[in-house]
Structures are given as C-alpha cells and as structure tokens.
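For reference, target-v1.cif (mmCIF, C-alpha atoms, pLDDT in the B column; chains and numbers go by the auth columns):
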```cif
data_protein
#
loop_
_atom_site.group_PDB
_atom_site.id
_atom_site.type_symbol
_atom_site.label_atom_id
_atom_site.label_comp_id
_atom_site.label_asym_id
_atom_site.label_seq_id
_atom_site.Cartn_x
_atom_site.Cartn_y
_atom_site.Cartn_z
_atom_site.B_iso_or_equiv
_atom_site.auth_seq_id
_atom_site.auth_asym_id
ATOM 1 C CA MET A 1 45.911 57.507 149.705 81.00 1 A
ATOM 2 C CA SER A 2 47.034 53.901 149.729 85.00 2 A
ATOM 3 C CA GLY A 3 49.097 52.405 146.943 88.00 3 A
ATOM 4 C CA LEU A 4 46.294 50.045 145.992 91.00 4 A
ATOM 5 C CA GLN A 5 43.799 52.893 145.615 93.00 5 A
ATOM 6 C CA LEU A 6 46.280 54.878 143.558 93.00 6 A
ATOM 7 C CA GLY A 7 47.041 51.877 141.352 93.00 7 A
ATOM 8 C CA ILE A 8 43.342 51.248 140.723 95.00 8 A
ATOM 9 C CA ILE A 9 42.735 54.911 139.875 95.00 9 A
ATOM 10 C CA MET A 10 45.675 54.908 137.454 95.00 10 A
ATOM 11 C CA SER A 11 44.481 51.689 135.799 95.00 11 A
ATOM 12 C CA LEU A 12 40.909 52.987 135.476 96.00 12 A
ATOM 13 C CA THR A 13 42.231 56.197 133.939 97.00 13 A
ATOM 14 C CA ALA A 14 44.223 54.199 131.389 96.00 14 A
ATOM 15 C CA LEU A 15 41.160 52.062 130.583 96.00 15 A
ATOM 16 C CA PHE A 16 39.029 55.186 130.140 97.00 16 A
ATOM 17 C CA LEU A 17 41.600 56.620 127.734 97.00 17 A
ATOM 18 C CA ASP A 18 41.570 53.300 125.863 96.00 18 A
ATOM 19 C CA ILE A 19 37.795 53.626 125.514 96.00 19 A
ATOM 20 C CA ILE A 20 37.896 57.139 124.077 97.00 20 A
ATOM 21 C CA ILE A 21 41.197 57.108 122.137 97.00 21 A
ATOM 22 C CA THR A 22 42.883 53.765 121.507 95.00 22 A
ATOM 23 C CA VAL A 23 39.947 51.640 120.406 96.00 23 A
ATOM 24 C CA PRO A 24 38.280 54.152 118.064 96.00 24 A
ATOM 25 C CA LEU A 25 41.510 55.447 116.510 97.00 25 A
ATOM 26 C CA VAL A 26 43.655 52.293 116.407 96.00 26 A
ATOM 27 C CA GLU A 27 41.653 49.102 116.854 95.00 27 A
ATOM 28 C CA ILE A 28 38.453 49.827 114.922 95.00 28 A
ATOM 29 C CA PRO A 29 40.327 50.882 111.731 95.00 29 A
ATOM 30 C CA LYS A 30 42.147 47.521 111.939 95.00 30 A
ATOM 31 C CA GLY A 31 38.761 45.777 111.862 95.00 31 A
ATOM 32 C CA LYS A 32 38.658 44.926 115.561 95.00 32 A
ATOM 33 C CA SER A 33 36.031 45.937 118.114 95.00 33 A
ATOM 34 C CA TYR A 34 35.657 47.109 121.698 95.00 34 A
ATOM 35 C CA GLU A 35 34.780 43.546 122.646 96.00 35 A
ATOM 36 C CA SER A 36 37.929 42.055 121.152 95.00 36 A
ATOM 37 C CA PHE A 37 40.076 44.720 122.814 96.00 37 A
ATOM 38 C CA PHE A 38 38.574 44.429 126.277 96.00 38 A
ATOM 39 C CA THR A 39 38.374 40.624 126.313 96.00 39 A
ATOM 40 C CA SER A 40 42.070 40.286 125.534 95.00 40 A
ATOM 41 C CA PRO A 41 43.868 38.576 128.434 97.00 41 A
ATOM 42 C CA THR A 42 46.980 40.652 127.699 96.00 42 A
ATOM 43 C CA LEU A 43 45.134 43.866 128.555 95.00 43 A
ATOM 44 C CA TRP A 44 44.015 42.548 131.935 96.00 44 A
ATOM 45 C CA ILE A 45 47.471 41.179 132.718 97.00 45 A
ATOM 46 C CA LEU A 46 48.891 44.657 132.042 96.00 46 A
ATOM 47 C CA VAL A 47 46.211 46.281 134.228 96.00 47 A
ATOM 48 C CA PHE A 48 47.100 43.875 137.037 96.00 48 A
ATOM 49 C CA ILE A 49 50.842 44.488 136.644 96.00 49 A
ATOM 50 C CA ASN A 50 50.305 48.258 136.658 95.00 50 A
ATOM 51 C CA THR A 51 48.155 48.146 139.796 95.00 51 A
ATOM 52 C CA VAL A 52 50.551 45.855 141.666 95.00 52 A
ATOM 53 C CA SER A 53 53.580 47.908 140.580 94.00 53 A
ATOM 54 C CA VAL A 54 52.079 51.130 141.921 92.00 54 A
ATOM 55 C CA PHE A 55 51.044 49.374 145.130 92.00 55 A
ATOM 56 C CA LEU A 56 54.529 47.940 145.718 92.00 56 A
ATOM 57 C CA TRP A 57 56.302 51.174 144.798 91.00 57 A
ATOM 58 C CA ARG A 58 54.117 53.109 147.208 89.00 58 A
ATOM 59 C CA LYS A 59 54.597 50.513 149.948 87.00 59 A
ATOM 60 C CA LEU A 60 58.380 50.421 149.570 89.00 60 A
ATOM 61 C CA ASN A 61 58.773 54.206 149.275 86.00 61 A
ATOM 62 C CA ASN A 62 56.374 55.281 151.975 76.00 62 A
ATOM 63 C CA LYS A 63 59.005 56.966 154.135 68.00 63 A
ATOM 64 C CA LYS A 64 57.900 59.636 156.524 65.00 64 A
ATOM 65 C CA THR A 65 59.456 62.994 155.759 58.00 65 A
ATOM 66 C CA PRO A 66 60.185 65.456 158.521 60.00 66 A
ATOM 67 C CA VAL A 67 57.848 68.420 158.598 56.00 67 A
#
```

Write-out of the structure in structure tokens:
Amino acid sequence: MSGLQLGIIMSLTALFLDIIITVPLVEIPKGKSYESFFTSPTLWILVFINTVSVFLWRKLNNKKTPV
C-alpha cells in the first residue's frame, strides 16, 4: 500500500470518528453544529498535514528488508 493511500485511509478514519464521537459529544453541547465543525479550515489543514506526514514517512522509510 502506498503512503498516500495509507494517509487517506487514516484521515478518513479520523473524520469518521469525528462524525460519530467528537461532534455529538463535544461540539453540539457547546452549541456548534456538524456544519461549523466540518467547514473549519483548521480541520482540513490538519487532515492535509496528517495525509502528507504519513506519505512522507512511508516514502522515507520504505527500505526493503531481507526475507
């Protein structure tokens, strides 16, 4: 699996957990909504940083191990 695919899967997993845990238990009691949470530029910057970090880590540490 490529680093980009892995990064996207990890980011989608985090977003799914935000949908089912973070927004209902943290944001909605504060008076915010799903829309305000998912339109926040900070969230998407963090998703991008996570995806790129996983991609770069995988690319830099993709050493072949002897079998």

If you count only C-alpha atoms, which residues fall within 12 Å of segment 41-47 of chain A, apart from same-chain ones fewer than 3 positions away, as a compact mmCIF listing (two decimals) with C-alpha atoms, in the coordinates of the input?
```
# COMPACT_ATOMS: atom_id res chain seq x y z
CA GLY A 7 47.04 51.88 141.35
CA ILE A 8 43.34 51.25 140.72
CA ILE A 9 42.74 54.91 139.88
CA MET A 10 45.68 54.91 137.45
CA SER A 11 44.48 51.69 135.80
CA LEU A 12 40.91 52.99 135.48
CA THR A 13 42.23 56.20 133.94
CA ALA A 14 44.22 54.20 131.39
CA LEU A 15 41.16 52.06 130.58
CA ASP A 18 41.57 53.30 125.86
CA GLU A 35 34.78 43.55 122.65
CA SER A 36 37.93 42.06 121.15
CA PHE A 37 40.08 44.72 122.81
CA PHE A 38 38.57 44.43 126.28
CA ASN A 50 50.30 48.26 136.66
CA THR A 51 48.16 48.15 139.80
CA VAL A 52 50.55 45.86 141.67
CA SER A 53 53.58 47.91 140.58
CA VAL A 54 52.08 51.13 141.92
```

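For the choices A:Leu25, A:Ile20, A:Met1, A:Leu6, the atom-to-atom distance to Phe55 of chain A is smallest for A:Leu6 when using all atoms listed in the file.
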
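Coordinates place atom CA of Phe48 of chain A at a distance of 18.1 Å from atom CA of Leu60 of chain A.
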
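If you look at atom CA of Arg58 of chain A and atom CA of Gln5 of chain A, they are 10.4 Å away from each other.
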
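As for atom CA of Phe16 of chain A and atom CA of Gly3 of chain A, they are spaced 19.8 Å apart.
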